[in-house]
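Below is one structure; the comments refer to it alone.
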Amino acid sequence: MGKTRKVISPWTSERRLTRQARVYPAIKSAAGNSLITEDGQTLLDGSAGLWNANLGHGQPRVIEAVSQALGHLTYVNNVEGQSDISVRLADRLLELAGSKAHVMFQSSGTAAVEAALLLVQRHFQLRGEPSRTGIIALDRSYHGSSLLASSVSGIAADQRWIRPSDLGIEHIPTPDGEDAARESLVVLRSLLSGERASKFACFIFEPVMGVAGMIELPEWWVAEAVTLAKSAGLKIIADEVATGLGRTGSWFASEKVPTDIITVGKGLSAGYVPLAATLVSREILSPHGTGEDVEVRFGSTMDGCPAACAAGLAVLELIHERDLVTRARDLGQMMREKLRPALALRIVKEIRGRGLMIGLPLVNPAHPDAPLPDASIDRIHTALAHAGVVLYPASSTLAIVPPLTISDQEASELCSVIIQVLSRECG
C-alpha cells in the first residue's frame, strides 16, 4: 500500500501525481529565471512558476520590501482599518487602470473574480433590479476554483462535479476561429434578445484564455460582444488574473475595452506572496451616484496585508523601471518568429497568444482535428526537462509563459529546445 499523502494538491489526483512524478523533476531551489532540481540540474523556467513568477526567482528588491513590511507592520485589521501601504498600492493600480475608482484586495485570483461577481450582484439589488443575476461567460473559460467562480468557468471537467449556482449562468461558444466567433455572437444575441436580457447582470471574459490553450480573443469579437452586452444593460468584467500587469505587452490586455471591473492576480506579487485585486468603477459601488452605496459583506482575514501590498508595490516599480511591459511585447514577437519553424511540424496546429503568453496547440498527426494524446504530451515534457526546460501544458497546448525578465539568450534557447524536442517527437 502506498504512502498516505497528507497535503492535498490542487488540480490533481493520485493518478495524476504519479504521472507528474515521472514527467516533472522535483525542484529544490530557484534563482533568476532558472529552477534547480534535487539532483543539481538547472532548468530554464519556461512557465514562470504557474504563470505568476513574472520577475523570476529570488528578486532582492521584492524580498527586501516584504521583509521591511513584516518588521514595520505585521497586520492591520482590514475590517476596521487599512494600512498606509495598501492605500499606496491601490493608488498605483488606479493610476494604471485609469477608469477605475476603487480597489479591493484579495489573496487569490479566484477571490478577486468572486468579489467582482458579488459586487455586480449587489449593484443591481441596490438599483432595484434583483432579477438581474445571470452571468454570461465563454464555454472554455477559467475563472477560479470557488463554487461561484467554478460555476462561471466553462471547463467541462469542473462542471461534472461542481453544482452550478442558481443565478442563471450561460456559456457561449469560445471564438476560436472565424466560424466559432460568428456562432458565438449569434448565441449571445439570442441570450440578450427581448425580455430575457433583463435577467443578466454581467459578461465576463479573459482577453487571452490561458487554460483553454492560450486563445487570444479577436479584438473585433470582443468589441462586438461588449457592445451587445452593454446595450442590454450588462456590466463588463475583464478577468486579467493571468494577463494583467505586463504579461501580454500592455499593463492591461483589456485596456481598449470599456470594462466596469478588472481582476488582477498572478503578476501582482510575481509569486512572492499571495495577492490579488479587484479594480472597480465608481458606478459599481455607487449605483445612485451618492457615494459608496454598496455594503461589502465578504472578504478574508489576510486580504491586503501589509507584506503582500509591499510586494505588489515593489513588483510594479520594477516592471515600470525596467520597462518590462514593452519588453514583453517585443520579446513575445521575437519568440513567435523563432518558433515559426515549428509550424512545419505535423503536430503543431498554430502559434497563439499575445506578448509573453504564447501557446503551441499540439494535435494528433494521424487525426489533425484531435489533440495530441496525453502519453505523447508526457514524452514531450519529459524530453524538455532532460533538455533543460520546464513547461506546463494548458489543455493540449504547449504553454510558453516565461518570466518577463527572461534574457534574449534564454528566450532563444527556450525556442530552440522546444523546436528540437517537437521535431524528435514527429520523427
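Scheme for the C-alpha cells: letters A, B, ... for chains in order shown; per-chain residue numbers from 1; ligand numbers from 1 in order shown.
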
Which residues of region 268-386 of chain A have any atom within 12 Å of an atom in region 59-73 of chain A when counting only C-alpha atoms, and what is the closest pair of atoms for each, with the distance in Å to one decimal? Order the rows by chain and rising number and write it as CSV.
residue,atom,partner,partner_atom,distance
A:Leu268,CA,A:Val62,CA,11.5
A:Ser269,CA,A:Val62,CA,8.6
A:Ala270,CA,A:Val62,CA,9.0
A:Gly271,CA,A:Val62,CA,10.3
A:Tyr272,CA,A:Val62,CA,7.7
A:Val273,CA,A:Val66,CA,8.7
A:Pro274,CA,A:Val66,CA,11.8
A:Cys305,CA,A:Leu73,CA,9.2
A:Pro306,CA,A:Ala69,CA,6.1
A:Ala307,CA,A:Val66,CA,4.9
A:Ala308,CA,A:Val66,CA,7.0
A:Cys309,CA,A:Val66,CA,8.4
A:Ala310,CA,A:Ala65,CA,5.6
A:Ala311,CA,A:Val62,CA,5.5
A:Gly312,CA,A:Val62,CA,8.3
A:Leu313,CA,A:Ala65,CA,8.5
A:Ala314,CA,A:Val62,CA,5.5
A:Val315,CA,A:Val62,CA,6.5
A:Leu316,CA,A:Val62,CA,10.0
A:Glu317,CA,A:Arg61,CA,9.6
A:Leu318,CA,A:Arg61,CA,8.3
A:Ile319,CA,A:Val62,CA,11.6

DSSP-assigned strand (DSSP E or B) members of region 58-292 of chain A, reported as a PyMOL selection string: chain A and resi 102-106+134-138+169-172+200-205+208-209+215-216+235-240+261-264+276-280

Could you check the closest approach to Leu345 (chain A) for each of A:Ile418, A:Cys426, A:Ser145, A:Pro371 and tell me which residue wins, using only C-alpha atoms?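 The answer is A:Cys426, which sits nearest to Leu345 (chain A).
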
Near region 39-49 of chain A, within 12 Å and counting only C-alpha atoms, which residues show up once chain neighbours fewer than 4 positions away are dropped, as a count of residues only? 60

Please give the complete set of residues from region 174-379 of chain A that DSSP, run on the backbone, assigns to alpha helix (DSSP H), formatted as a PyMOL selection string. chain A and resi 178-191+219-231+266-269+282-285+306-321+324-338+374-379

List as number ranges by chain the protein and nucleic acid residues near Gly353 (chain A), meaning an atom at most 12 Å away when only C-alpha atoms are counted, but skip any in the same chain fewer than 6 places from it. A: 176, 207-218, 243, 247-249, 253, 328-329, 332-333, 335-336, 359-361, 397-401

What would the file look like if the residues just selected were written as an mmCIF file, in the first residue's frame with N, CA and C atoms?
data_model
loop_
_atom_site.group_PDB
_atom_site.id
_atom_site.type_symbol
_atom_site.label_atom_id
_atom_site.label_comp_id
_atom_site.auth_asym_id
_atom_site.auth_seq_id
_atom_site.Cartn_x
_atom_site.Cartn_y
_atom_site.Cartn_z
ATOM 1 N N ASP A 176 -12.888 30.599 -31.075
ATOM 2 C CA ASP A 176 -11.625 30.006 -31.508
ATOM 3 C C ASP A 176 -11.711 29.725 -33.007
ATOM 4 N N PRO A 207 -9.106 38.122 -21.767
ATOM 5 C CA PRO A 207 -8.599 38.592 -23.066
ATOM 6 C C PRO A 207 -7.773 37.537 -23.800
ATOM 7 N N VAL A 208 -6.977 36.778 -23.053
ATOM 8 C CA VAL A 208 -6.285 35.604 -23.586
ATOM 9 C C VAL A 208 -6.646 34.445 -22.662
ATOM 10 N N MET A 209 -7.262 33.417 -23.238
ATOM 11 C CA MET A 209 -7.766 32.303 -22.431
ATOM 12 C C MET A 209 -6.653 31.281 -22.216
ATOM 13 N N GLY A 210 -5.947 31.419 -21.107
ATOM 14 C CA GLY A 210 -4.764 30.606 -20.859
ATOM 15 C C GLY A 210 -5.051 29.130 -20.701
ATOM 16 N N VAL A 211 -5.933 28.773 -19.771
ATOM 17 C CA VAL A 211 -6.213 27.365 -19.500
ATOM 18 C C VAL A 211 -6.810 26.686 -20.729
ATOM 19 N N ALA A 212 -7.564 27.422 -21.527
ATOM 20 C CA ALA A 212 -8.173 26.861 -22.736
ATOM 21 C C ALA A 212 -7.158 26.610 -23.838
ATOM 22 N N GLY A 213 -5.927 27.086 -23.664
ATOM 23 C CA GLY A 213 -4.892 26.836 -24.672
ATOM 24 C C GLY A 213 -4.330 28.090 -25.295
ATOM 25 N N MET A 214 -4.229 29.188 -24.506
ATOM 26 C CA MET A 214 -3.650 30.443 -24.990
ATOM 27 C C MET A 214 -4.426 31.014 -26.191
ATOM 28 N N ILE A 215 -5.740 31.011 -26.080
ATOM 29 C CA ILE A 215 -6.594 31.535 -27.155
ATOM 30 C C ILE A 215 -6.769 33.039 -26.960
ATOM 31 N N GLU A 216 -6.248 33.823 -27.891
ATOM 32 C CA GLU A 216 -6.431 35.272 -27.832
ATOM 33 C C GLU A 216 -7.771 35.620 -28.465
ATOM 34 N N LEU A 217 -8.635 36.264 -27.707
ATOM 35 C CA LEU A 217 -9.934 36.649 -28.248
ATOM 36 C C LEU A 217 -9.732 37.719 -29.323
ATOM 37 N N PRO A 218 -10.339 37.559 -30.502
ATOM 38 C CA PRO A 218 -10.186 38.558 -31.564
ATOM 39 C C PRO A 218 -10.686 39.924 -31.095
ATOM 40 N N THR A 243 -3.460 37.673 -17.423
ATOM 41 C CA THR A 243 -2.962 38.555 -18.482
ATOM 42 C C THR A 243 -2.499 39.917 -18.004
ATOM 43 N N ARG A 247 2.071 41.082 -18.737
ATOM 44 C CA ARG A 247 2.281 39.768 -19.355
ATOM 45 C C ARG A 247 2.038 39.775 -20.861
ATOM 46 N N THR A 248 1.029 40.490 -21.337
ATOM 47 C CA THR A 248 0.682 40.447 -22.760
ATOM 48 C C THR A 248 1.249 41.613 -23.559
ATOM 49 N N GLY A 249 2.139 42.399 -22.942
ATOM 50 C CA GLY A 249 2.737 43.521 -23.658
ATOM 51 C C GLY A 249 2.018 44.836 -23.449
ATOM 52 N N ALA A 253 -4.538 43.831 -20.779
ATOM 53 C CA ALA A 253 -4.872 43.354 -22.119
ATOM 54 C C ALA A 253 -6.219 43.880 -22.590
ATOM 55 N N ALA A 328 7.950 42.676 -22.845
ATOM 56 C CA ALA A 328 7.080 41.521 -23.057
ATOM 57 C C ALA A 328 6.485 41.550 -24.458
ATOM 58 N N ARG A 329 6.124 42.738 -24.921
ATOM 59 C CA ARG A 329 5.552 42.860 -26.267
ATOM 60 C C ARG A 329 6.597 42.522 -27.319
ATOM 61 N N GLY A 332 7.980 38.886 -27.039
ATOM 62 C CA GLY A 332 6.958 37.948 -27.482
ATOM 63 C C GLY A 332 6.923 37.834 -28.995
ATOM 64 N N GLN A 333 7.053 38.960 -29.685
ATOM 65 C CA GLN A 333 7.094 38.951 -31.149
ATOM 66 C C GLN A 333 8.324 38.195 -31.645
ATOM 67 N N MET A 335 10.004 35.838 -30.072
ATOM 68 C CA MET A 335 9.890 34.409 -29.791
ATOM 69 C C MET A 335 8.934 33.722 -30.771
ATOM 70 N N ARG A 336 7.858 34.394 -31.114
ATOM 71 C CA ARG A 336 6.942 33.799 -32.094
ATOM 72 C C ARG A 336 7.625 33.617 -33.447
ATOM 73 N N GLY A 359 1.247 30.075 -27.009
ATOM 74 C CA GLY A 359 0.799 28.694 -26.990
ATOM 75 C C GLY A 359 1.006 27.995 -28.318
ATOM 76 N N LEU A 360 1.426 26.739 -28.253
ATOM 77 C CA LEU A 360 1.517 25.877 -29.434
ATOM 78 C C LEU A 360 0.524 24.735 -29.250
ATOM 79 N N PRO A 361 -0.659 24.798 -29.867
ATOM 80 C CA PRO A 361 -1.612 23.686 -29.767
ATOM 81 C C PRO A 361 -1.042 22.450 -30.467
ATOM 82 N N THR A 397 -2.169 22.220 -25.217
ATOM 83 C CA THR A 397 -1.313 23.272 -25.781
ATOM 84 C C THR A 397 -0.029 23.399 -24.981
ATOM 85 N N LEU A 398 1.076 23.528 -25.671
ATOM 86 C CA LEU A 398 2.350 23.798 -25.020
ATOM 87 C C LEU A 398 2.353 25.267 -24.632
ATOM 88 N N ALA A 399 2.286 25.555 -23.341
ATOM 89 C CA ALA A 399 2.172 26.932 -22.852
ATOM 90 C C ALA A 399 3.559 27.501 -22.569
ATOM 91 N N ILE A 400 3.913 28.545 -23.292
ATOM 92 C CA ILE A 400 5.229 29.182 -23.148
ATOM 93 C C ILE A 400 4.996 30.538 -22.497
ATOM 94 N N VAL A 401 5.237 30.596 -21.180
ATOM 95 C CA VAL A 401 4.904 31.784 -20.393
ATOM 96 C C VAL A 401 6.089 32.098 -19.471
#

Which residues are near region 141-143 of chain A? Cut-off 9 Å, only C-alpha atoms, ignore same chain within fewer than 2 positions. Put them as a list of chain:residue names.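 With the cut-off at 9 Å, the set is A:Gly109, A:Thr110, A:Val113, A:Glu114, A:Ala137, A:Leu138, A:Asp139, A:Ser145, A:Ala149, A:Ser150, A:Ser151, A:Val152, A:Ser153, A:Gly154, A:Ile155, A:His171, A:Thr174, A:Ile204, A:Phe205, A:Glu206, A:Met209, A:Gly210, A:Val211, A:Ala212, A:Asp239, A:Val241.
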
Can I get the selected residues back with C-alpha atoms, as a short mmCIF file (atom, residue, chain, number, x, y, z; two decimals), in the first residue's frame?
data_model
loop_
_atom_site.label_atom_id
_atom_site.label_comp_id
_atom_site.auth_asym_id
_atom_site.auth_seq_id
_atom_site.Cartn_x
_atom_site.Cartn_y
_atom_site.Cartn_z
CA GLY A 109 -7.29 35.33 -8.33
CA THR A 110 -10.31 33.17 -7.56
CA VAL A 113 -13.25 37.09 -9.54
CA GLU A 114 -15.67 36.10 -6.77
CA ALA A 137 -19.16 33.57 -19.87
CA LEU A 138 -17.32 31.55 -22.51
CA ASP A 139 -17.65 27.78 -22.66
CA SER A 145 -12.00 27.40 -8.14
CA ALA A 149 -16.15 31.03 -9.93
CA SER A 150 -16.13 27.36 -10.93
CA SER A 151 -19.77 27.58 -11.96
CA VAL A 152 -18.95 30.54 -14.18
CA SER A 153 -15.94 28.76 -15.67
CA GLY A 154 -16.70 26.67 -18.74
CA ILE A 155 -14.33 23.76 -18.13
CA HIS A 171 -21.89 29.81 -21.59
CA THR A 174 -15.40 30.33 -27.42
CA ILE A 204 -17.06 38.09 -18.02
CA PHE A 205 -14.14 37.21 -20.29
CA GLU A 206 -10.39 36.55 -20.34
CA MET A 209 -7.77 32.30 -22.43
CA GLY A 210 -4.76 30.61 -20.86
CA VAL A 211 -6.21 27.37 -19.50
CA ALA A 212 -8.17 26.86 -22.74
CA ASP A 239 -10.61 38.61 -15.86
CA VAL A 241 -5.63 37.43 -13.34
#

Within 12 Å of Leu118 (chain A) using only C-alpha atoms, minus same-chain residues under 4 positions, as a ChimeraX atom specification: /A:111-114,122-125,133-135,148-149,167,201-202,237,261,278,280,284-285,294-299

Could you save the residues just selected, with C-alpha atoms, as a JSON list (two decimals), in the first residue's frame?
[["chain", "number", "residue", "atom", "x", "y", "z"],
["A", 111, "ALA", "CA", -11.30, 35.50, -4.73],
["A", 112, "ALA", "CA", -10.80, 38.53, -6.99],
["A", 113, "VAL", "CA", -13.25, 37.09, -9.54],
["A", 114, "GLU", "CA", -15.67, 36.10, -6.77],
["A", 122, "ARG", "CA", -25.22, 43.82, -5.09],
["A", 123, "HIS", "CA", -25.09, 46.68, -7.60],
["A", 124, "PHE", "CA", -28.30, 45.52, -9.30],
["A", 125, "GLN", "CA", -30.02, 44.81, -5.98],
["A", 133, "THR", "CA", -28.47, 37.82, -11.52],
["A", 134, "GLY", "CA", -27.44, 35.99, -14.71],
["A", 135, "ILE", "CA", -23.83, 35.72, -15.83],
["A", 148, "LEU", "CA", -19.33, 30.53, -7.89],
["A", 149, "ALA", "CA", -16.15, 31.03, -9.93],
["A", 167, "LEU", "CA", -28.07, 32.66, -10.58],
["A", 201, "ALA", "CA", -26.09, 41.08, -14.70],
["A", 202, "CYS", "CA", -22.71, 40.76, -16.39],
["A", 237, "ILE", "CA", -15.76, 42.12, -16.20],
["A", 261, "ILE", "CA", -14.36, 45.71, -13.35],
["A", 278, "THR", "CA", -10.46, 43.72, -7.98],
["A", 280, "VAL", "CA", -13.93, 48.61, -9.75],
["A", 284, "ILE", "CA", -20.49, 49.72, -9.48],
["A", 285, "LEU", "CA", -20.13, 50.76, -5.84],
["A", 294, "VAL", "CA", -22.60, 49.04, -1.68],
["A", 295, "GLU", "CA", -22.06, 47.45, 1.73],
["A", 296, "VAL", "CA", -19.38, 44.79, 1.19],
["A", 297, "ARG", "CA", -20.31, 41.62, 3.06],
["A", 298, "PHE", "CA", -17.43, 39.33, 2.10],
["A", 299, "GLY", "CA", -13.64, 39.10, 2.34]]

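Shell of Arg196 (chain A) at 10 Å, with only C-alpha atoms counted and residues fewer than 3 places along the chain excluded, is Arg132, Gly134, Ser190, Leu191, Leu192, Ser193, Lys199, Phe200 and Ala232 of chain A.
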
What is the distance between CA of Ile172 (chain A) and CA of Ser184 (chain A), in Å to one decimal? 5.7 Å

Compare A:Lys6, A:Arg182, A:Ala344, A:His102 by their minimum atom-to-atom distance to Glu283 (chain A), counting only C-alpha atoms, and give me the closest one. A:His102

Interatomic distance (Å, one decimal) between CA of Asp260 (chain A) and CA of Ala97 (chain A): 11.0 Å

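Of the listed residues A:Ser107, A:Ser146, A:Thr259, A:Ser396, the one whose atoms come nearest to Lys235 (chain A) is A:Thr259, with distances taken using only C-alpha atoms.
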